[in-house]
file final-v3.tsv (TSV, C-alpha atoms)
chain	number	residue	atom	x	y	z
A	455	MET	CA	20.56	-96.55	34.08
A	456	ALA	CA	18.47	-93.68	35.26
A	457	ALA	CA	21.57	-91.61	35.61
A	458	VAL	CA	22.51	-92.38	32.03
A	459	LEU	CA	19.06	-91.34	30.78
A	460	HIS	CA	19.25	-88.04	32.64
A	461	LEU	CA	22.69	-87.41	31.11
A	462	VAL	CA	21.44	-88.12	27.59
A	463	THR	CA	18.43	-85.84	28.09
A	464	PHE	CA	20.66	-83.04	29.35
A	465	LEU	CA	22.97	-83.36	26.35
A	466	VAL	CA	20.04	-83.22	23.93
A	467	VAL	CA	18.63	-80.11	25.55
A	468	LEU	CA	22.03	-78.47	25.59
A	469	LYS	CA	22.58	-79.25	21.93
A	470	SER	CA	19.18	-77.82	21.04
A	471	ALA	CA	19.98	-74.63	22.92
A	472	CYS	CA	23.40	-74.23	21.38
A	473	CYS	CA	22.38	-75.09	17.86
A	474	ALA	CA	18.94	-73.45	17.75
A	475	GLN	CA	17.94	-72.11	14.35
A	476	PRO	CA	17.48	-68.30	13.96
A	477	ARG	CA	13.97	-66.81	13.84
A	478	PRO	CA	12.24	-67.09	10.49
A	479	ALA	CA	13.32	-64.35	8.02
A	480	GLN	CA	9.79	-63.08	7.61
A	481	ASP	CA	9.71	-62.14	11.27
A	482	LYS	CA	12.45	-59.50	10.60
A	483	ILE	CA	10.68	-57.89	7.64
A	484	SER	CA	9.55	-54.31	8.25
A	485	PRO	CA	5.82	-53.92	8.79
A	486	ILE	CA	5.95	-50.56	6.92
A	487	ILE	CA	4.70	-50.73	3.34
A	488	ASN	CA	3.44	-48.39	0.57
A	489	MET	CA	5.40	-45.28	1.62
A	490	GLN	CA	4.46	-42.38	-0.70
A	491	LEU	CA	4.94	-38.62	-0.66
A	492	ASP	CA	2.42	-36.11	-1.99
A	493	SER	CA	4.75	-33.20	-2.70
A	494	ARG	CA	1.87	-30.77	-3.28
A	495	LYS	CA	0.29	-31.44	0.10
A	496	LYS	CA	3.66	-32.23	1.74
A	497	MET	CA	2.11	-35.38	3.11
A	498	LEU	CA	3.81	-38.75	3.68
A	499	THR	CA	1.52	-41.81	3.78
A	500	TRP	CA	2.03	-45.56	4.44
A	501	THR	CA	0.34	-48.66	5.87
A	502	TYR	CA	1.34	-51.55	8.19
A	503	THR	CA	1.23	-55.30	7.81
A	504	ARG	CA	1.24	-55.86	11.57
A	505	ASN	CA	0.39	-53.99	14.72
A	506	VAL	CA	3.04	-51.50	15.75
A	507	SER	CA	3.76	-49.10	18.61
A	508	ASP	CA	5.94	-46.08	19.38
A	509	GLN	CA	5.72	-44.70	15.86
A	510	GLU	CA	7.05	-41.39	14.54
A	511	CYS	CA	8.15	-39.84	11.25
A	512	THR	CA	10.96	-37.41	10.43
A	513	ILE	CA	11.91	-35.19	7.50
A	514	ASP	CA	15.37	-33.85	6.65
A	515	THR	CA	16.05	-31.44	3.76
A	516	PRO	CA	19.24	-29.99	2.21
A	517	THR	CA	18.31	-26.62	3.72
A	518	ALA	CA	19.10	-28.09	7.18
A	519	TYR	CA	15.38	-28.20	8.00
A	520	SER	CA	14.40	-31.15	10.17
A	521	ALA	CA	11.13	-32.03	11.90
A	522	THR	CA	9.68	-35.02	13.73
A	523	VAL	CA	5.94	-35.54	14.16
A	524	LYS	CA	3.54	-38.22	15.38
A	525	PRO	CA	1.54	-39.97	12.64
A	526	GLN	CA	-2.22	-39.82	12.30
A	527	VAL	CA	-4.42	-42.63	11.06
A	528	THR	CA	-7.42	-42.49	8.74
A	529	GLU	CA	-10.51	-44.69	8.71
A	530	ASP	CA	-9.00	-46.99	6.10
A	531	HIS	CA	-5.96	-47.56	8.37
A	532	THR	CA	-3.65	-45.37	6.31
A	533	TYR	CA	-1.05	-43.54	8.40
A	534	MET	CA	0.19	-40.09	7.46
A	535	CYS	CA	2.52	-37.28	8.50
A	536	THR	CA	2.39	-33.74	7.10
A	537	PHE	CA	5.27	-31.26	7.03
A	538	PRO	CA	3.66	-27.90	6.08
A	539	ASN	CA	6.73	-25.81	6.94
A	540	SER	CA	9.14	-27.82	4.83
A	541	VAL	CA	10.53	-27.00	1.39
A	542	LEU	CA	10.70	-30.05	-0.85
A	543	HIS	CA	11.76	-28.80	-4.27
A	544	ARG	CA	15.45	-29.36	-3.41
A	545	GLY	CA	14.76	-32.94	-2.29
A	546	ALA	CA	14.27	-34.60	1.12
A	547	ASN	CA	14.74	-37.77	3.17
A	548	LEU	CA	11.63	-38.99	4.99
A	549	THR	CA	11.86	-41.63	7.72
A	550	VAL	CA	9.25	-43.74	9.52
A	551	ASN	CA	10.39	-45.29	12.82
A	552	VAL	CA	8.20	-47.86	14.62
A	553	THR	CA	8.39	-50.68	17.17
A	554	CYS	CA	6.81	-54.04	16.27
A	555	ASP	CA	6.88	-57.16	18.49
A	556	GLY	CA	9.73	-55.72	20.50
A	557	ASP	CA	11.84	-54.92	17.45
A	558	VAL	CA	12.55	-51.44	16.07
A	559	PHE	CA	12.03	-50.87	12.37
A	560	LEU	CA	13.16	-47.83	10.39
A	561	GLN	CA	12.33	-47.17	6.77
A	562	VAL	CA	13.55	-44.26	4.63
A	563	LEU	CA	12.05	-42.68	1.51
A	564	THR	CA	14.42	-40.52	-0.52
A	565	PHE	CA	12.59	-37.87	-2.55
A	566	ALA	CA	14.03	-36.02	-5.55
A	567	ASN	CA	12.31	-33.26	-7.57
A	568	PRO	CA	12.29	-34.57	-11.14
A	569	GLY	CA	12.60	-32.42	-14.26
A	570	ARG	CA	15.00	-30.35	-16.34
A	571	GLU	CA	17.10	-28.05	-14.23
A	572	GLY	CA	16.19	-24.39	-14.75
A	573	SER	CA	12.78	-25.08	-16.31
A	574	GLY	CA	10.71	-24.51	-13.19
A	575	ALA	CA	9.12	-21.20	-12.20
A	576	VAL	CA	11.31	-18.53	-10.55
A	577	ASN	CA	10.86	-15.16	-8.76
A	578	PHE	CA	7.60	-16.05	-7.07
A	579	SER	CA	5.79	-13.45	-4.94
A	580	CYS	CA	2.28	-12.68	-3.70
A	581	LEU	CA	0.55	-9.47	-2.66
A	582	ILE	CA	-2.80	-8.75	-0.97
A	583	TYR	CA	-4.26	-5.36	-1.96
A	584	ASN	CA	-7.51	-3.39	-1.67
A	585	VAL	CA	-8.37	-5.48	1.42
A	586	CYS	CA	-9.87	-8.47	-0.39
A	587	PHE	CA	-7.78	-9.19	-3.51
A	588	MET	CA	-4.49	-11.01	-4.03
A	589	ASN	CA	-2.11	-11.35	-6.97
A	590	CYS	CA	0.72	-13.88	-7.25
A	591	SER	CA	3.37	-13.70	-9.94
A	592	TRP	CA	6.35	-15.69	-11.20
A	593	ALA	CA	8.64	-15.90	-14.22
A	594	PRO	CA	9.43	-18.87	-16.47
A	595	GLY	CA	12.73	-20.55	-15.69
A	596	PRO	CA	15.67	-19.73	-17.98
A	597	ALA	CA	15.62	-23.29	-19.41
A	598	ALA	CA	11.83	-23.59	-19.67
A	599	PRO	CA	10.56	-24.98	-23.00
A	600	ALA	CA	8.31	-22.80	-25.13
A	601	ASP	CA	5.22	-24.92	-24.44
A	602	VAL	CA	5.60	-24.95	-20.65
A	603	LYS	CA	2.30	-24.69	-18.80
A	604	TYR	CA	2.57	-23.69	-15.15
A	605	ARG	CA	-0.08	-24.41	-12.55
A	606	LEU	CA	-0.44	-22.74	-9.15
A	607	PHE	CA	-1.92	-24.56	-6.16
A	608	TRP	CA	-2.63	-22.89	-2.87
A	609	ALA	CA	-4.24	-23.59	0.49
A	610	SER	CA	-4.60	-22.03	3.94
A	611	ARG	CA	-5.37	-23.23	7.42
A	612	HIS	CA	-9.03	-22.53	6.67
A	613	GLU	CA	-9.15	-23.18	2.91
A	614	ALA	CA	-8.73	-26.55	1.19
A	615	ASP	CA	-6.05	-27.12	-1.43
A	616	ALA	CA	-7.17	-25.68	-4.78
A	617	GLU	CA	-5.80	-24.57	-8.14
A	618	CYS	CA	-5.79	-20.99	-9.37
A	619	VAL	CA	-8.93	-20.00	-11.23
A	620	HIS	CA	-7.83	-16.75	-12.93
A	621	TYR	CA	-4.39	-17.10	-14.51
A	622	ILE	CA	-2.45	-14.08	-15.79
A	623	LEU	CA	-0.70	-14.56	-19.13
A	624	GLY	CA	2.59	-13.07	-20.28
A	625	PRO	CA	3.35	-11.61	-23.74
A	626	THR	CA	3.97	-15.10	-25.19
A	627	GLY	CA	0.84	-16.61	-23.65
A	628	THR	CA	2.70	-18.37	-20.83
A	629	ARG	CA	1.08	-18.33	-17.41
A	630	VAL	CA	3.03	-15.90	-15.24
A	631	GLY	CA	0.59	-15.10	-12.46
A	632	CYS	CA	-2.73	-15.64	-10.77
A	633	HIS	CA	-5.46	-13.27	-9.56
A	634	PHE	CA	-7.53	-14.16	-6.48
A	635	ASP	CA	-10.79	-12.29	-5.99
A	636	GLN	CA	-12.11	-14.51	-3.18
A	637	LEU	CA	-9.89	-15.06	-0.17
A	638	GLY	CA	-12.52	-16.13	2.31
A	639	LYS	CA	-13.07	-14.72	5.77
A	640	PRO	CA	-9.87	-13.05	7.02
A	641	GLN	CA	-8.11	-14.67	9.95
A	642	ARG	CA	-5.13	-13.01	11.58
A	643	THR	CA	-3.42	-16.41	11.87
A	644	ASP	CA	-3.86	-17.23	8.18
A	645	ASN	CA	-0.92	-18.91	6.50
A	646	TYR	CA	-0.98	-19.43	2.75
A	647	PHE	CA	0.72	-22.44	1.13
A	648	PHE	CA	1.79	-22.19	-2.50
A	649	LEU	CA	3.26	-24.61	-5.03
A	650	VAL	CA	3.93	-24.01	-8.73
A	651	ASN	CA	4.48	-27.00	-10.97
A	652	GLY	CA	4.44	-27.33	-14.74
A	653	THR	CA	3.99	-29.61	-17.71
A	654	SER	CA	5.56	-29.79	-21.16
A	655	ARG	CA	5.63	-32.23	-24.04
A	656	GLU	CA	9.37	-31.76	-24.23
A	657	THR	CA	10.50	-32.48	-20.66
A	658	ALA	CA	9.44	-32.87	-17.05
A	659	ILE	CA	9.18	-29.57	-15.15
A	660	PRO	CA	10.40	-29.34	-11.52
A	661	PHE	CA	7.93	-27.86	-9.05
A	662	LEU	CA	8.62	-24.88	-6.80
A	663	ASP	CA	7.35	-24.72	-3.22
A	664	PHE	CA	7.84	-22.43	-0.23
A	665	THR	CA	7.57	-22.06	3.49
A	666	PRO	CA	4.12	-20.74	4.45
A	667	PHE	CA	3.35	-17.11	3.62
A	668	LYS	CA	2.02	-15.26	6.65
A	669	ALA	CA	-0.99	-13.51	5.17
A	670	VAL	CA	-0.75	-10.51	7.48
A	671	GLN	CA	2.77	-9.82	6.15
A	672	ILE	CA	1.94	-9.77	2.43
A	673	GLU	CA	-0.77	-7.10	2.53
A	674	LYS	CA	0.02	-3.77	0.90
A	675	TYR	CA	-2.10	-1.08	2.54
A	676	ASP	CA	-3.79	1.87	0.92
A	677	PRO	CA	-2.39	5.29	1.95
A	678	PRO	CA	-3.59	6.79	5.25
A	679	ARG	CA	-6.97	8.53	5.04
A	680	ASN	CA	-8.55	11.88	5.97
A	681	ILE	CA	-5.40	13.93	6.48
A	682	THR	CA	-6.04	17.35	8.04
A	683	ILE	CA	-3.68	20.18	9.01
A	684	THR	CA	-4.75	22.87	11.46
A	685	TYR	CA	-2.87	25.76	13.05
A	686	ASN	CA	-2.94	26.94	16.68
A	687	ARG	CA	-0.55	29.93	16.39
A	688	SER	CA	2.47	27.90	17.53
A	689	HIS	CA	2.18	24.53	15.75
A	690	HIS	CA	0.73	22.92	12.70
A	691	ILE	CA	-1.33	19.99	13.97
A	692	ILE	CA	-1.31	17.09	11.49
A	693	ARG	CA	-3.91	14.36	11.90
A	694	TRP	CA	-4.71	11.28	9.82
A	695	GLU	CA	-6.69	8.05	10.05
A	696	HIS	CA	-5.57	4.44	9.68
A	697	PRO	CA	-6.19	2.90	6.27
A	698	GLU	CA	-8.75	0.15	5.91
A	699	ILE	CA	-6.91	-3.17	6.27
A	700	ARG	CA	-7.87	-6.82	5.88
A	701	PHE	CA	-6.82	-8.17	9.26
A	702	ASP	CA	-7.82	-7.04	12.73
A	703	LEU	CA	-4.62	-5.51	14.12
A	704	SER	CA	-3.81	-3.19	16.99
A	705	SER	CA	-3.03	0.35	15.87
A	706	HIS	CA	0.46	-0.06	17.36
A	707	MET	CA	1.20	-2.74	14.77
A	708	LEU	CA	1.11	-0.08	12.05
A	709	TYR	CA	4.21	1.94	11.24
A	710	TYR	CA	4.07	5.38	9.59
A	711	GLU	CA	6.65	7.37	7.68
A	712	LEU	CA	6.04	11.14	7.60
A	713	ASP	CA	7.74	13.13	4.86
A	714	ILE	CA	7.87	16.85	5.73
A	715	GLN	CA	9.09	18.75	2.69
A	716	THR	CA	10.62	22.19	3.20
A	717	PRO	CA	12.42	24.31	0.59
A	718	ALA	CA	16.21	23.92	0.35
A	719	SER	CA	16.34	20.96	2.75
A	720	SER	CA	17.46	17.35	2.34
A	721	ALA	CA	14.59	14.94	1.82
A	722	GLU	CA	16.20	12.31	4.06
A	723	THR	CA	16.53	14.65	7.04
A	724	ASN	CA	12.82	15.43	6.98
A	725	ARG	CA	11.63	11.83	7.43
A	726	VAL	CA	9.89	11.02	10.70
A	727	PHE	CA	8.91	7.47	11.73
A	728	GLN	CA	6.05	6.93	14.13
A	729	ARG	CA	4.07	3.93	15.35
A	730	GLY	CA	0.31	3.97	14.99
A	731	GLN	CA	-1.75	5.72	17.64
A	732	ASP	CA	-5.41	6.35	18.45
A	733	PRO	CA	-5.70	8.97	17.07
A	734	ASN	CA	-2.67	9.66	14.87
A	735	VAL	CA	-1.28	13.15	15.58
A	736	TYR	CA	1.98	14.93	14.80
A	737	LEU	CA	2.86	18.49	15.90
A	738	MET	CA	5.01	20.61	13.58
A	739	PRO	CA	6.39	23.86	15.07
A	740	SER	CA	5.47	26.84	12.94
A	741	SER	CA	9.10	28.02	13.12
A	742	ALA	CA	10.13	24.90	11.19
A	743	THR	CA	7.85	25.57	8.23
A	744	ARG	CA	8.25	27.79	5.20
A	745	ALA	CA	5.89	29.28	2.66
A	746	LYS	CA	6.05	26.16	0.47
A	747	SER	CA	6.29	23.46	3.14
A	748	ALA	CA	4.35	20.27	2.40
A	749	PHE	CA	3.45	16.96	4.03
A	750	ARG	CA	2.76	13.38	2.95
A	751	VAL	CA	2.62	10.04	4.77
A	752	ARG	CA	2.70	6.30	4.07
A	753	VAL	CA	2.18	3.17	6.18
A	754	ARG	CA	3.18	-0.49	6.50
A	755	TYR	CA	2.80	-3.44	8.84
A	756	MET	CA	5.30	-3.32	11.68
A	757	TYR	CA	7.01	-6.58	10.71
A	758	ASN	CA	7.46	-6.26	6.97
A	759	ARG	CA	8.88	-3.78	4.46
A	760	LEU	CA	5.85	-3.46	2.22
A	761	TRP	CA	5.03	0.27	2.25
A	762	SER	CA	1.80	1.74	0.95
A	763	GLU	CA	1.88	4.43	-1.71
A	764	TRP	CA	2.38	8.00	-0.48
A	765	SER	CA	-0.69	10.00	0.39
A	766	PRO	CA	-1.43	13.10	-1.74
A	767	THR	CA	0.90	15.98	-0.84
A	768	GLN	CA	-0.63	18.76	1.26
A	769	ARG	CA	0.89	22.19	1.81
A	770	PHE	CA	0.81	23.89	5.19
A	771	GLY	CA	3.35	26.72	5.10
A	772	LEU	CA	0.75	29.40	5.97
A	773	PRO	CA	-1.77	29.30	8.84
A	774	GLU	CA	-5.26	28.30	7.90
A	775	GLN	CA	-7.88	31.07	8.09
A	776	ASP	CA	-11.61	31.32	8.01
A	777	PHE	CA	-12.64	31.61	4.38
A	778	SER	CA	-14.92	34.66	4.81
A	779	GLY	CA	-12.35	36.46	6.98
A	780	ALA	CA	-9.60	35.68	4.53
A	781	LEU	CA	-11.49	37.50	1.77
A	782	VAL	CA	-11.86	40.82	3.65
A	783	GLY	CA	-8.24	41.93	3.27
A	784	PRO	CA	-7.93	41.18	-0.47
A	785	VAL	CA	-11.29	42.79	-1.24
A	786	VAL	CA	-10.47	46.01	0.67
A	787	GLY	CA	-7.02	46.20	-0.87
A	788	THR	CA	-8.37	45.70	-4.37
A	789	ALA	CA	-11.00	48.42	-3.89
A	790	ALA	CA	-8.42	50.90	-2.58
A	791	LEU	CA	-6.06	50.19	-5.45
A	792	SER	CA	-8.86	50.59	-7.99
A	793	ALA	CA	-9.80	53.96	-6.49
A	794	LEU	CA	-6.21	55.22	-6.67
A	795	VAL	CA	-5.89	54.12	-10.28
A	796	LEU	CA	-9.17	55.82	-11.19
A	797	MET	CA	-8.14	59.07	-9.52
A	798	PHE	CA	-4.84	59.01	-11.35
A	799	LEU	CA	-6.53	58.46	-14.68
A	800	CYS	CA	-9.04	61.23	-14.01
A	801	LYS	CA	-6.28	63.67	-13.20
A	802	ARG	CA	-4.09	62.54	-16.08
A	803	PHE	CA	-6.68	62.73	-18.84
A	804	SER	CA	-9.00	65.44	-17.43
A	805	VAL	CA	-11.88	63.04	-17.24
A	806	ARG	CA	-13.42	65.06	-14.46
A	807	ARG	CA	-13.50	68.17	-16.64
A	808	LYS	CA	-14.98	66.23	-19.56
A	809	MET	CA	-17.60	64.62	-17.40
A	810	PHE	CA	-18.43	67.82	-15.51
A	811	PRO	CA	-17.72	70.85	-17.80
A	812	PRO	CA	-17.42	74.26	-16.01
A	813	ILE	CA	-20.39	76.59	-16.00
A	814	PRO	CA	-19.66	79.92	-17.84
A	815	GLN	CA	-19.49	82.86	-15.51
A	816	VAL	CA	-19.76	86.61	-16.24
A	817	LYS	CA	-16.44	88.37	-15.98
A	818	LYS	CA	-15.86	91.13	-13.52
A	819	GLU	CA	-16.02	93.76	-16.32
A	820	ILE	CA	-19.65	92.90	-17.06
A	821	ALA	CA	-20.51	93.01	-13.42
A	822	LYS	CA	-18.98	96.46	-13.17
A	823	ALA	CA	-20.92	97.56	-16.22
A	824	LEU	CA	-24.17	96.44	-14.75
A	825	MET	CA	-23.46	98.13	-11.45
A	826	PRO	CA	-23.25	101.98	-11.22
A	827	THR	CA	-19.66	103.01	-11.09
A	828	PRO	CA	-18.89	105.39	-8.29
A	829	GLY	CA	-17.96	108.82	-9.66
A	830	VAL	CA	-19.68	108.40	-13.06
A	831	SER	CA	-22.83	110.50	-13.42
A	832	ASP	CA	-23.52	109.97	-17.11
A	833	PRO	CA	-25.91	107.09	-17.28
A	834	SER	CA	-25.40	106.85	-21.04
A	835	VAL	CA	-21.99	105.36	-20.49
A	836	CYS	CA	-23.45	101.97	-19.95
A	837	THR	CA	-22.53	99.87	-23.01
A	838	GLN	CA	-19.52	97.48	-22.76
A	839	GLU	CA	-18.24	94.52	-24.90
A	840	VAL	CA	-17.32	91.45	-22.86
A	841	ALA	CA	-15.75	88.10	-24.04
A	842	TRP	CA	-16.44	84.73	-22.44
A	843	ASP	CA	-13.95	83.71	-19.78
A	844	GLU	CA	-12.94	80.33	-21.26
A	845	GLY	CA	-12.41	80.06	-25.03
A	846	PRO	CA	-14.91	80.88	-27.72
A	847	PRO	CA	-18.56	81.15	-26.82
A	848	PRO	CA	-20.90	78.29	-27.67
A	849	PRO	CA	-22.42	78.52	-31.15
A	850	GLY	CA	-25.90	79.92	-31.60
A	851	PRO	CA	-28.75	78.27	-33.40
A	852	GLN	CA	-27.45	79.39	-36.81
A	853	ASP	CA	-24.22	81.38	-36.95
A	854	PRO	CA	-21.35	81.20	-34.49
A	855	GLU	CA	-20.53	84.39	-32.66
A	856	ASP	CA	-17.15	85.33	-31.34
A	857	VAL	CA	-18.39	88.05	-29.03
A	858	VAL	CA	-21.55	88.50	-27.07
A	859	THR	CA	-22.64	92.15	-26.62
A	860	LEU	CA	-24.85	93.05	-23.73
A	861	GLU	CA	-26.83	96.28	-23.90
A	862	ALA	CA	-28.38	97.90	-20.95
A	863	THR	CA	-30.19	101.19	-20.50
A	864	CYS	CA	-29.29	103.11	-17.39

call {"tool": "encode", "arguments": {"input": "final-v3.tsv", "output": "structure tokens"}}
result
Amino acid sequence: MAAVLHLVTFLVVLKSACCAQPRPAQDKISPIINMQLDSRKKMLTWTYTRNVSDQECTIDTPTAYSATVKPQVTEDHTYMCTFPNSVLHRGANLTVNVTCDGDVFLQVLTFANPGREGSGAVNFSCLIYNVCFMNCSWAPGPAAPADVKYRLFWASRHEADAECVHYILGPTGTRVGCHFDQLGKPQRTDNYFFLVNGTSRETAIPFLDFTPFKAVQIEKYDPPRNITITYNRSHHIIRWEHPEIRFDLSSHMLYYELDIQTPASSAETNRVFQRGQDPNVYLMPSSATRAKSAFRVRVRYMYNRLWSEWSPTQRFGLPEQDFSGALVGPVVGTAALSALVLMFLCKRFSVRRKMFPPIPQVKKEIAKALMPTPGVSDPSVCTQEVAWDEGPPPPGPQDPEDVVTLEATC
């Protein structure tokens, strides 16, 4: 009897093991709920219904970008993952992968950028200038409705997400840009995050986002400063100073292009590229310059192609001289030339004779008449008529006289 009871008990246990019911369905339900994506902040959020472990989240985009990060949790037990380097406007698949009660759960959110194709902003760019200002610009999409209203949002590692304050309007009144006059304290590691979305009564407008802009690479510098050219009898010594820039960079991170212009030479062959130095110096052999040689320079950051404007052109074909010494030669030459011209004019137009008329002199005949002539004993032979040596005599007080008669008694 006991043996029979043991056999029955064994059969019951075996049947229970073989025919056991599966675990309740609710035990297989994913603990992940409320998955949402904030496309502007590029942030995925969700919550759990049960305790989980070994959690991670992944993003995959059509541009072959993929990233996996560990979630963070907020005080209200909301979990989140951010993907700042991703581009979402072409769509994305976001996955949360967790372990709960020994089981692995995976949940996927497929994101699509809604709106009329071709109505979003295009040709977006940004530029930092004059050290502390920045302009961003874009163009309306080719299929954008007439009433489209674009909005620009931006953030940095040190600045919270915010909307543009000073929009720039196009000819039709559409927003086509933004001016920033407050960029905060400059940090060399600054990355700027931009997103342009839009609204319209006619249709939804797709947003446009980007990979982070490295702030140091979008600054357009002012031209180099304080350019001087001196001469040491063999070389022209060109010096210049770095421009004022927003970010603290080593001088070797600046890249200069020197344009040395000489007559009858190709502009491309006279370009010289030089990394920044302390100080910046370039030696130009005097044999390589001409009377109308000139120099200008521009600068950019080493790792971008955004050149500054050219500096003002400076000529250096002739050696520099001391100003007072340089005047001596021209002054002496001018004085000598003036003297030669004056002498020529005096000789040509008898100015000397008109300014200094000759003094009348008594002719030799009068002198002989006044002096006793050897061999003449008759003193009565003493009266002679003598004419003036040069032209008619000067007129008297009343009547002119052609001849002056001198009488003398011997």

call {"tool": "atom_distance", "arguments": {"input": "final-v3.tsv", "atom1": "atom CA of Cys535 of chain A", "atom2": "atom CA of Asp514 of chain A"}}
result
13.4 Å

call {"tool": "closest_residue", "arguments": {"input": "final-v3.tsv", "among": "A:Thr657, A:Asn734, A:Tyr675, A:Thr564", "to": "Glu695 of chain A", "atoms": "all atoms listed in the file"}}
result
A:Asn734

call {"tool": "closest_residue", "arguments": {"input": "final-v3.tsv", "among": "A:Gly569, A:Pro594, A:Pro485, A:Gly574", "to": "Asp555 of chain A", "atoms": "all atoms listed in the file"}}
result
A:Pro485

call {"tool": "axis_aligned_box", "arguments": {"input": "final-v3.tsv", "around": "segment 612-626 of chain A", "padding_each_side": "6 Å", "output": "JSON"}}
result
{"center_x": -2.6, "center_y": -19.4, "center_z": -9.3, "size_x": 25.1, "size_y": 27.5, "size_z": 43.9}

call {"tool": "atom_distance", "arguments": {"input": "final-v3.tsv", "atom1": "atom CA of Thr684 of chain A", "atom2": "atom CA of Tyr755 of chain A"}}
result
27.5 Å
